[in-house]
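As structure tokens, the structure follows; a few thoughts come after it.
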Amino acid sequence: MPEKELIEQLKQLQEVKPNKNWANWLLSNILTKSHQEGMIKPRVKLVSFSFIHQYQKALVSAAFVVLFVSTFAFAQTTLPGNPLYPVKTLTQTARLFLTPKDYKSVVRLQIAKTRLEDMAKMTDQEQAIALMSQNIQKDLQTIPQELKNIQKKQVSLKIAKQVQNEAKDLNNIISKTQLQFQDKEALEKTAQDTQSQVLSLIIETTEEMNQCPSYLQDKLANLQKYFTDNVQTLIQWPIDDITKVRTLLADISNDIKAGNCLESLEKMESINQILQIHSLDIKVETSTPEN
Amino acid sequence: MTEQEFTHFYNNNIDKVFRFIYFRVDKIEIAQDLTAQAFLKCWQTDNNSKSVIKNPQAFIYRVARNQIIDFYRQKNKTPISLEELKEKGIEIPQKSFVFKIELSFEMESLKKALQRIKPAYSEAIIWHYVDDLSTKEIAQILNKNENNIRVLLHRSLEALKKEINREV
């Protein structure tokens with residue numbers, strides 16, 4: 001049989017069809033059955049929460065961040081004995097660690113005050129209170145030393161005043177604690193010592209800074225005299241150094257008039273360094289006078 | 001697929017699917033049952049599964065093929081019972097839809113020849129030469145490329161010619 005004829009015969013097989021009634025019955029049977037079983041689902045998908053899969057990682061991370069932050073926030077309200085209190089102390093330690101060196105004394109005092117307030121709220125944990133009291137005493141004793149270690153007098157004075165201000169209500173808080181008489185007395189004494197030392201430091205630094213102008217004026221006069229008397233020697237210097245010394249002397253004079261004691265001291269030190277470079281046997285006393 | 005879309009799909013394909021099954025099983029009642037099951041499964045799958053059926057035509061032919069394979073597997077065991085059909089969602093109507101398909105002697109011979117060649121060949125011939133499915137559509141049903149289908153059709157036609165000539 002030729003291929004063309006075979007294909008034509010195959011086309012005739014399209015006459016084979018199912019019964020029309022059966023086909024209609026089947027369609028209605030399928031559709032009716034699905035209605036009865038509630039099989040048809042809405043074609044519009046419920047997409048209200050479909051974003052959850054899309055942003056799963058971000059949401060999980062965000063949830064962890066929220067949990068972490070809320071735990072830390074809640075921990076700040078806890079008292080010793082609470083399982084979350086170590087989180088609070090950890091936060092305080094981290095805060096102290098991250099504070100610039102010069103400002104550590106202020107933060108240390110603030111933390112000590114917070115712990116004293118926590119202590120004041122505690123009632124029946126004598127051992128824990130006593131231990132906390134000892135730690136607070138250590139912190140308070142450290143504060144004056146930290147203030148003394150600050151290099152710049154102006155900064156030292158500013159921070160010491162902040163500490164003094166913060167320490168005003170220290171005794172008031174201590175009095176509210178449930179410490180035993182001896183412990184309370186020891187803590188009060190430490191607080192008073194700290195306050196006294198801070199006050200002493202403030203007075204000392206203020207006096208140093210007040211004395212500074214008259215002292216510096218004398219030294220400036222000496223320097224100016226020296227350079228006037230030794231003109232021949234100065235001729236051998238490079239022109240840049242001579243210019244620099246002249247500028248520094250003028251600046252020192254202006255700083256003294258403006259009350260910038262520390263700046264003028266630093267500039268005087270710079271002149272001394274130049275003199276040493278040129279091996280001149282002269283050194284101007286730039287440190288502040290001892291009382 | 002909405003009801004309307006399914007109805008449209010059903011009307012376009014019921015004759016072809018029935019024919020495809022009938023040529024393979026050679027019994028009207030069984031062809032009716034398997035056709036019914038295939039369409040019901042297509043409708044249920046589309047409504048129940050999370051992913052929408054992308055190519056319903058390819059899907060229903062694949063289901064029909066599997067129904068035929070299952071039918072021949074179970075043929076030697078037990079016939080499909082009425083209850084089993086009911087469980088599968090096919091309710092047998094009170095009035096019978098049994099009818100006869102009258103074919104000329106030549107057509108009957110051709111049908112018999114189709115049943116004697118390899119099932120893969122007869123399927124390809126029914127789809128392409130009887131039901132006018134393109135090579136691309138057949139490729140989608142069988143998950144093969146079009147070149148494979150062209151080769152398959154060529155071999156199928158050769159096998160059918162040989163079978164008819166042998167009979168003569």
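Following the order of the structure tokens, chains are lettered A, B, ..., residues in each are numbered from 1, and ligands are numbered from 1.
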
Show which residues sit within 9 Å of range 196-200 of chain A, as a ChimeraX atom specification. Count only C-alpha atoms, and ignore same-chain residues fewer than 3 positions away.
-> /A:143-144,147,160-161,163-164,191-193,203-205

Residue neighbourhood Lys121 in chain A, 12 Å, only C-alpha atoms, exclusion window fewer than 6 positions, as a list in words | Thr77, Thr78, Leu79, Pro80, Gly81, Thr114, Arg115, Ile129, Ile173, Ile174, Ser175, Lys176, Thr177, Gln178 and Leu179 of chain A

Could those selected residues go to a file with N, CA and C atoms, as a PDB file, in the first residue's frame?
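Saved result, part_13.pdb, follows:
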ATOM      1  N   THR A  77      16.229  46.348  83.216  1.00  0.00           N
ATOM      2  CA  THR A  77      15.272  46.597  84.306  1.00  0.00           C
ATOM      3  C   THR A  77      15.385  45.547  85.414  1.00  0.00           C
ATOM      4  N   THR A  78      16.291  44.593  85.223  1.00  0.00           N
ATOM      5  CA  THR A  78      16.353  43.483  86.194  1.00  0.00           C
ATOM      6  C   THR A  78      17.214  43.832  87.412  1.00  0.00           C
ATOM      7  N   LEU A  79      17.078  43.035  88.450  1.00  0.00           N
ATOM      8  CA  LEU A  79      17.836  43.203  89.698  1.00  0.00           C
ATOM      9  C   LEU A  79      18.707  41.967  89.927  1.00  0.00           C
ATOM     10  N   PRO A  80      19.712  42.068  90.788  1.00  0.00           N
ATOM     11  CA  PRO A  80      20.530  40.884  91.074  1.00  0.00           C
ATOM     12  C   PRO A  80      19.643  39.721  91.531  1.00  0.00           C
ATOM     13  N   GLY A  81      19.989  38.524  91.042  1.00  0.00           N
ATOM     14  CA  GLY A  81      19.169  37.349  91.341  1.00  0.00           C
ATOM     15  C   GLY A  81      18.348  36.934  90.142  1.00  0.00           C
ATOM     16  N   THR A 114      24.120  53.245  89.332  1.00  0.00           N
ATOM     17  CA  THR A 114      23.052  52.321  88.895  1.00  0.00           C
ATOM     18  C   THR A 114      23.044  51.088  89.801  1.00  0.00           C
ATOM     19  N   ARG A 115      24.249  50.578  90.092  1.00  0.00           N
ATOM     20  CA  ARG A 115      24.318  49.363  90.925  1.00  0.00           C
ATOM     21  C   ARG A 115      23.875  49.659  92.368  1.00  0.00           C
ATOM     22  N   ILE A 129      24.343  41.612  98.370  1.00  0.00           N
ATOM     23  CA  ILE A 129      24.450  43.051  98.604  1.00  0.00           C
ATOM     24  C   ILE A 129      25.850  43.417  99.089  1.00  0.00           C
ATOM     25  N   ILE A 173      21.748  57.900  97.849  1.00  0.00           N
ATOM     26  CA  ILE A 173      21.424  56.539  97.363  1.00  0.00           C
ATOM     27  C   ILE A 173      21.948  55.487  98.334  1.00  0.00           C
ATOM     28  N   ILE A 174      23.159  55.722  98.826  1.00  0.00           N
ATOM     29  CA  ILE A 174      23.739  54.739  99.770  1.00  0.00           C
ATOM     30  C   ILE A 174      22.850  54.593 101.004  1.00  0.00           C
ATOM     31  N   SER A 175      22.307  55.723 101.442  1.00  0.00           N
ATOM     32  CA  SER A 175      21.472  55.678 102.657  1.00  0.00           C
ATOM     33  C   SER A 175      20.212  54.824 102.463  1.00  0.00           C
ATOM     34  N   LYS A 176      19.781  54.655 101.207  1.00  0.00           N
ATOM     35  CA  LYS A 176      18.563  53.868 100.959  1.00  0.00           C
ATOM     36  C   LYS A 176      18.841  52.363 100.899  1.00  0.00           C
ATOM     37  N   THR A 177      20.106  51.976 100.828  1.00  0.00           N
ATOM     38  CA  THR A 177      20.417  50.544 100.690  1.00  0.00           C
ATOM     39  C   THR A 177      20.170  49.802 101.995  1.00  0.00           C
ATOM     40  N   GLN A 178      20.025  48.469 101.859  1.00  0.00           N
ATOM     41  CA  GLN A 178      19.731  47.621 103.022  1.00  0.00           C
ATOM     42  C   GLN A 178      21.012  47.026 103.619  1.00  0.00           C
ATOM     43  N   LEU A 179      22.136  47.732 103.433  1.00  0.00           N
ATOM     44  CA  LEU A 179      23.414  47.219 103.946  1.00  0.00           C
ATOM     45  C   LEU A 179      23.443  47.226 105.472  1.00  0.00           C
TER      46      LEU A 179
END

Excluding same-chain residues fewer than 4 positions from range 13-25 of chain B, what lies within 9 Å of it counting only C-alpha atoms, as a count of residues only?
-> 36
